[in-house]
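S.K.: Shown below is the structure under consideration.
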Amino acid sequence: MADDTAVLWLRRDLRLHDNPALVAAAEADRLLPVYVFDPARYGTSAFGGRDSFEYEKTGGRRTAFRTEAVADLRSRLRDRGRDLVVRVGDPTETLADLAREVDADAVHVHTRPTPEEKAVERRVEAAVDASLVRHWGHTLHHPDDLPCAVSELDDTYTPFRKAVESESTVRAPAAVPTLPPRPAVDPGELPTPASLGVEATPIDDRGVLDFEGGETAALDRLDDYLWETDALREYKETRNGLLGRDYSSKLSPWLNEGCLSPRRVSAEIDAYETRRVENESTYWLRFELRWRDFFQFQFAKHGGTFFTPGGIRRRDIDWQEGGEAFERWRRGETGVPFVDANMRELAATGYLSNRGRQNVASFLANDLRIDWRLGAAHFETELVDYDPASNYGNWAYVAGVGNDSRDRSFDVLWQAHRYDPDAEYVTRWLPELDGLPPEAAHEPWTLPESERAAFAYPEPVVAPETLRDE
Ligand SMILES: Cc1cc2nc3c(=O)[nH]c(=O)nc-3n(C[C@H](O)[C@H](O)[C@H](O)COP(=O)(O)OP(=O)(O)OC[C@H]3O[C@@H](n4cnc5c(N)ncnc54)[C@H](O)[C@@H]3O)c2cc1C
């Protein structure tokens with residue numbers, strides 16, 4: 001089309017590298033990249049329309065990470081003589097106004113498989129006087145390259161993985177295109193978390209990593225994990241760790257805000273396999289990225305059913321309402337140290353290991369029998385790497401209402417001794433238990449009452465003997 005203008009509506013795709021929507025939009029004669037902070041995504045919401053449980057959709061850590069990521073993208077565009085237009089407002093009206101102002105022919109966007117994100121797309125599509133062009137850019141495998149239609153994908157991971165491993169390839173990451181000039185529009189001010197109504201959260205130096213938002217920090221971390229520390233070499237052995245920056249890649253916050261493309265990660269693993277080593281660990285990082293893909297495609301297949309109490313398996317389980325036990329779980333005061341240490345790490349840093357997430361989720365859903373969606377909503381607030389499909393998909397899985405018909409309940413005491421044999425992790429987050437022998441630090445109720453009186457730690461919220469698998 002001659003002399004045309006494109007708007008690029010950026011969402012969780014805050015990068016220049018391997019960005020299919022950017023590549024397509026950059027074919028226009030003028031390009032307006034836009035990011036809209038939607039006030040409805042910040043502040044408190046009633047869970048599922050219920051007044052009994054209010055939660056923040058985006059907590060302080062993810063809000064800070066996101067504002068940093070938007071600032072970084074703006075700065076990378078400015079380095080190329082371009083800019084990012086930033087607005088705070090309802091995306092529908094904001095994009096309709098901007099598209100009108102620049103007389104746009106098309107608005108390009110990366111689509112997402114989850115219901116809220118799709119609903120916003122539909123509203124914008126109806127409001128803008130230009131065509132909305134949807135792209136897909138956040139998974140390793142493109143849906144068009146899958147062995148079958150998304151609606152026919154298997155609901156369990158292993159057949160999905162085997163099928164994509166043997167019948168699908170990963171596309172090469174797209175290069176950053178030459179960027180056409182930007183129409184003259186006020187670029188707007190970047191909001192701060194405070195101006196979005198979100199309380200700042202202090203940095204805790206016990207955190208595994210200082211997660212800084214943006215493509216620049218994302219590429220640095222990728223470089224660090226593969227090339228500088230060579231940690232990928234041992235990922236398969238270390239991935240169940242709980243302490244330290246390199247037991248796992250820690251790429252999830254950048255992948256989920258779109259600062260990093262999974263195809264870029266895959267291409268970097270290819271290079272690492274050629275230049276350093278190809279082993280089970282390099283295979284396993286891709287294996288985990290395929291788990292991420294799996295949940296994205298599962299949400300594309302099942303949609304909103306994932307958010308129901310019985311999940312995609314439509315199980316009839318009489319989940320308990322929140323109440324005091326849920327509050328104790330949220331605060332990390334259940335009296336079960338391995339659960340509490342993980343919940344305190346989450347509260348203090350916004351990040352939690354995969355092992356930790358599985359255990360605290362299982363404790364809430366399988367031991368306390370509390371509605372797993374309340375736990376998932378709490379994670380939605382707190383996690384710096386929250387993604388709707390990865391979060392609700394994993395929660396449903398652990399709660400036994402998702403993509404596996406087997407019992408996924410964890411024996412949290414067995415797990416504590418197995419993965420934290422010296423109680424180093426537990427005492428890092430529960431200093432009140434420091435100095436106890438590991439056995440007692442994991443099960444303080446086994447100490448005589450006189451000894452327990454020496455430290456302030458709650459009695460367990462459930463009878464400890466019920467925590468053991470028979
Ligand atoms: C209850 C629960 C909730 C979770 N919520 C989220 C969430 O909101 N966002 C999120 O990204 N992950 C979530 N996970 C999955 C997993 O815990 C994190 O992806 C992982 O801990 C992130 O750390 P990492 O980047 O170092 O992972 P690594 O071990 O280095 O793995 C590399 C990448 O693979 C992907 N990945 C690994 N495991 C999974 C998995 N089980 N499901 C989906 N993707 C995976 C992630 O993108 C991760 O960055 C959840 C897991 C559980 C059990």
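Labeling convention for the structure tokens: chains A, B, ... as they appear, residues from 1 per chain, ligands from 1 in order of appearance.
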Find the residues near ligand 1. Use a cut-off of 6 Å, count only C-alpha atoms and all ligand atoms, and write them as a compact mmCIF listing (two decimals) with N, CA, C and O atoms, in the first residue's frame.

M.R.:
```txt
# COMPACT_ATOMS: atom_id res chain seq x y z
N ARG A 239 18.65 -27.91 38.38
CA ARG A 239 17.38 -27.19 38.18
C ARG A 239 16.41 -27.32 39.34
O ARG A 239 15.45 -26.55 39.43
N SER A 248 18.92 -22.35 37.99
CA SER A 248 18.06 -22.38 36.81
C SER A 248 18.31 -21.09 36.04
O SER A 248 19.01 -20.20 36.52
N SER A 249 17.69 -20.96 34.87
CA SER A 249 18.07 -19.83 34.00
C SER A 249 17.57 -18.48 34.50
O SER A 249 18.13 -17.45 34.16
N LYS A 250 16.46 -18.45 35.23
CA LYS A 250 15.82 -17.20 35.71
C LYS A 250 15.40 -16.30 34.54
O LYS A 250 15.31 -15.08 34.68
N LEU A 251 15.14 -16.93 33.40
CA LEU A 251 14.74 -16.13 32.23
C LEU A 251 13.25 -15.80 32.22
O LEU A 251 12.79 -14.98 31.42
N SER A 252 12.47 -16.43 33.11
CA SER A 252 11.00 -16.33 33.01
C SER A 252 10.45 -14.90 33.03
O SER A 252 9.56 -14.59 32.24
N LEU A 285 16.75 -27.58 28.84
CA LEU A 285 16.25 -26.20 28.84
C LEU A 285 15.18 -26.03 27.75
O LEU A 285 14.15 -25.40 27.97
N GLU A 288 11.96 -27.56 28.94
CA GLU A 288 11.16 -26.67 29.81
C GLU A 288 10.48 -25.58 29.00
O GLU A 288 9.35 -25.19 29.30
N LEU A 289 11.15 -25.08 27.98
CA LEU A 289 10.50 -24.07 27.12
C LEU A 289 9.29 -24.67 26.40
O LEU A 289 8.32 -23.98 26.10
N TRP A 291 7.37 -26.88 27.81
CA TRP A 291 6.28 -26.84 28.82
C TRP A 291 5.56 -25.50 28.72
O TRP A 291 4.35 -25.41 28.82
N ARG A 292 6.36 -24.46 28.55
CA ARG A 292 5.77 -23.12 28.43
C ARG A 292 4.85 -23.07 27.20
O ARG A 292 3.71 -22.61 27.28
N SER A 353 11.44 -20.62 43.15
CA SER A 353 11.89 -21.74 42.32
C SER A 353 10.69 -22.58 41.89
O SER A 353 9.64 -22.56 42.53
N ASN A 354 10.90 -23.39 40.87
CA ASN A 354 9.82 -24.29 40.45
C ASN A 354 9.47 -25.29 41.56
O ASN A 354 8.31 -25.56 41.82
N ARG A 357 7.36 -23.52 44.10
CA ARG A 357 5.99 -23.27 43.61
C ARG A 357 5.15 -24.55 43.71
O ARG A 357 3.98 -24.52 44.12
N GLN A 358 5.75 -25.67 43.30
CA GLN A 358 4.99 -26.93 43.32
C GLN A 358 4.57 -27.28 44.74
O GLN A 358 3.45 -27.70 44.98
N ALA A 361 1.93 -24.77 46.27
CA ALA A 361 0.64 -24.94 45.58
C ALA A 361 -0.01 -26.25 46.03
O ALA A 361 -1.21 -26.29 46.33
N ASP A 385 7.28 -12.94 37.31
CA ASP A 385 7.23 -13.61 36.00
C ASP A 385 5.84 -14.16 35.70
O ASP A 385 5.70 -15.09 34.90
N TYR A 386 4.80 -13.57 36.29
CA TYR A 386 3.45 -14.11 36.09
C TYR A 386 3.05 -14.14 34.61
O TYR A 386 3.24 -13.18 33.87
N ASP A 387 2.49 -15.27 34.23
CA ASP A 387 1.85 -15.39 32.93
C ASP A 387 0.56 -16.18 33.16
O ASP A 387 0.59 -17.21 33.85
N SER A 390 0.86 -20.01 32.06
CA SER A 390 1.82 -20.78 32.86
C SER A 390 1.36 -20.88 34.31
O SER A 390 1.54 -21.91 34.96
N ASN A 391 0.79 -19.81 34.83
CA ASN A 391 0.42 -19.83 36.24
C ASN A 391 -0.83 -20.67 36.49
O ASN A 391 -0.79 -21.65 37.24
N ASN A 394 -0.25 -24.38 35.55
CA ASN A 394 0.52 -25.16 36.54
C ASN A 394 -0.28 -25.37 37.83
O ASN A 394 -0.22 -26.45 38.43
N TRP A 395 -0.98 -24.36 38.25
CA TRP A 395 -1.80 -24.51 39.47
C TRP A 395 -2.85 -25.60 39.29
O TRP A 395 -3.04 -26.47 40.15
```

S.K.: Can you list, as a PyMOL selection string, every protein, DNA or RNA residue that comes within 9 Å of Arg62 in chain A when you count only C-alpha atoms, leaving out same-chain residues fewer than 6 positions away?

M.R.: chain A and resi 213+253+350+381-386

S.K.: Residues near Gly89 in chain A, anyone? I mean within 7 Å using only C-alpha atoms, not counting same-chain ones fewer than 2 positions away, as a list of chain:residue names.

M.R.: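 In the requested format, the answer is A:Val36, A:Phe37, A:Asp38, A:Pro39, A:Arg87, A:Pro91, A:Thr94.
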
S.K.: Would you export the selected residues with C-alpha atoms as a compact mmCIF listing (two decimals), in the first residue's frame, please?

M.R.:
```txt
# COMPACT_ATOMS: atom_id res chain seq x y z
CA VAL A 36 -0.62 1.72 26.81
CA PHE A 37 -0.70 1.24 30.58
CA ASP A 38 -4.28 0.21 31.32
CA PRO A 39 -5.28 1.42 34.84
CA ARG A 87 -0.03 6.51 27.34
CA PRO A 91 -6.43 0.82 25.42
CA THR A 94 -6.36 5.44 23.47
```

S.K.: Rank nothing, just name the residue among A:Leu232, A:Leu16, A:Ala341, A:Leu132 nearest to His442 in chain A, using only C-alpha atoms.

M.R.: A:Ala341

S.K.: For the atom pair CA of Leu31 in chain A and CA of Leu179 in chain A, what is the interatomic distance in Å to one decimal place?

M.R.: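 Between CA of Leu31 in chain A and CA of Leu179 in chain A the gap is 7.5 Å.
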
S.K.: Between A:Ala119, A:Leu436, A:Ala325, A:Ala300, which residue has the minimum interatomic distance to Asp155 in chain A, considering only C-alpha atoms?

M.R.: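 Nearest to Asp155 in chain A: A:Ala300.
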
S.K.: Sorted by chain and rising residue number, list the residues of range 112-203 of chain A at most 12 Å from range 70-80 of chain A (counting only C-alpha atoms), each with its closest atom pair and distance in Å to one decimal, as a tab-separated table.

M.R.:
```
residue	atom	partner	partner_atom	distance
A:Val176	CA	A:Leu77	CA	11.1
A:Pro177	CA	A:Arg80	CA	11.2
A:Thr178	CA	A:Arg80	CA	9.3
A:Leu179	CA	A:Arg80	CA	8.1
A:Pro180	CA	A:Arg80	CA	10.4
A:Pro181	CA	A:Arg80	CA	10.3
A:Arg182	CA	A:Leu77	CA	10.8
A:Pro187	CA	A:Arg74	CA	9.7
A:Gly188	CA	A:Arg74	CA	11.1
A:Glu189	CA	A:Ala71	CA	10.1
A:Leu190	CA	A:Ala71	CA	7.2
A:Pro191	CA	A:Ala71	CA	9.7
A:Thr192	CA	A:Ala71	CA	10.4
```

S.K.: List every residue of range 206-357 of chain A that DSSP, applied to the backbone of this structure, places in alpha helix (DSSP H), and write the result as a ChimeraX atom specification.

M.R.: /A:215-223,235-238,252-256,262-275,280-302,323-331,337-349,354-357

S.K.: Return as an mmCIF file with C-alpha atoms, in the first residue's frame the full set of residues in range 81-314 of chain A whose backbone-based DSSP assignment is strand (DSSP E or B).

M.R.:
```cif
data_model
loop_
_atom_site.group_PDB
_atom_site.id
_atom_site.type_symbol
_atom_site.label_atom_id
_atom_site.label_comp_id
_atom_site.auth_asym_id
_atom_site.auth_seq_id
_atom_site.Cartn_x
_atom_site.Cartn_y
_atom_site.Cartn_z
ATOM 1 C CA VAL A 85 4.625 6.629 22.460
ATOM 2 C CA VAL A 86 3.467 5.926 26.009
ATOM 3 C CA ARG A 87 -0.031 6.511 27.338
ATOM 4 C CA VAL A 88 -1.960 5.698 30.501
ATOM 5 C CA ALA A 106 -3.371 -0.875 10.275
ATOM 6 C CA VAL A 107 -2.755 -1.625 13.935
ATOM 7 C CA HIS A 108 -0.369 -4.558 14.456
ATOM 8 C CA VAL A 109 -0.453 -6.567 17.659
ATOM 9 C CA HIS A 110 0.725 -9.875 19.072
ATOM 10 C CA SER A 131 -7.590 -3.039 10.447
ATOM 11 C CA LEU A 132 -6.245 -4.918 13.459
ATOM 12 C CA VAL A 133 -3.546 -7.316 12.261
ATOM 13 C CA ARG A 134 -2.791 -10.120 14.719
ATOM 14 C CA HIS A 135 0.592 -11.846 14.921
#
```

S.K.: Of the candidates A:Glu380, A:Glu324, A:Asp230, A:Glu280, which shows the shortest atom-to-atom distance to Tyr42 in chain A, using only C-alpha atoms?

M.R.: A:Glu380

S.K.: Let me make sure I understand: among A:Pro147, A:Pro173, A:Gly244, A:Gly43, which one has the smallest atom-to-atom distance to Arg161 in chain A if we use only C-alpha atoms?

M.R.: A:Pro147

S.K.: Under the rule that only C-alpha atoms are counted, which of A:Phe410, A:Phe53, A:Phe326, A:Phe379 is the nearest residue to Asn359 in chain A?

M.R.: A:Phe410

S.K.: Nearest residue to Thr156 in chain A out of A:Phe455, A:Tyr351, A:Trp372, A:Phe295, using only C-alpha atoms?

M.R.: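 When distances to Thr156 in chain A are compared using only C-alpha atoms, the smallest one comes from A:Phe295.
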
S.K.: So which residues touch Phe287 in chain A within 12 Å, counting only C-alpha atoms, skipping near sequence neighbours fewer than 3 positions away, as a list in words?

M.R.: Leu140, Tyr157, Thr158, Phe160, Arg161, Lys162, Val164, Glu165, Tyr235, Lys236, Pro262, Ser266, Ile269, Glu280, Ser281, Thr282, Tyr283, Trp284, Arg290, Trp291, Arg292, Asp293 and Phe294 of chain A

S.K.: Selected residues, C-alpha atoms, written as an mmCIF file, in the first residue's frame, please.

M.R.:
```cif
data_model
loop_
_atom_site.group_PDB
_atom_site.id
_atom_site.type_symbol
_atom_site.label_atom_id
_atom_site.label_comp_id
_atom_site.auth_asym_id
_atom_site.auth_seq_id
_atom_site.Cartn_x
_atom_site.Cartn_y
_atom_site.Cartn_z
ATOM 1 C CA LEU A 140 9.054 -21.496 20.655
ATOM 2 C CA TYR A 157 2.527 -33.000 27.930
ATOM 3 C CA THR A 158 4.513 -36.051 26.819
ATOM 4 C CA PHE A 160 2.684 -33.010 22.803
ATOM 5 C CA ARG A 161 6.441 -32.824 23.399
ATOM 6 C CA LYS A 162 7.191 -35.932 21.352
ATOM 7 C CA VAL A 164 6.679 -31.221 18.353
ATOM 8 C CA GLU A 165 10.162 -32.668 18.807
ATOM 9 C CA TYR A 235 21.147 -27.263 34.271
ATOM 10 C CA LYS A 236 19.681 -30.786 34.387
ATOM 11 C CA PRO A 262 12.066 -18.063 23.275
ATOM 12 C CA SER A 266 16.740 -21.610 21.355
ATOM 13 C CA ILE A 269 21.332 -22.894 22.849
ATOM 14 C CA GLU A 280 21.162 -33.529 28.609
ATOM 15 C CA SER A 281 21.174 -30.062 30.150
ATOM 16 C CA THR A 282 20.994 -28.238 26.842
ATOM 17 C CA TYR A 283 18.177 -30.589 25.836
ATOM 18 C CA TRP A 284 16.420 -29.963 29.132
ATOM 19 C CA ARG A 290 8.196 -26.631 25.532
ATOM 20 C CA TRP A 291 6.282 -26.843 28.817
ATOM 21 C CA ARG A 292 5.769 -23.117 28.433
ATOM 22 C CA ASP A 293 4.508 -23.641 24.872
ATOM 23 C CA PHE A 294 2.309 -26.490 26.026
#
```
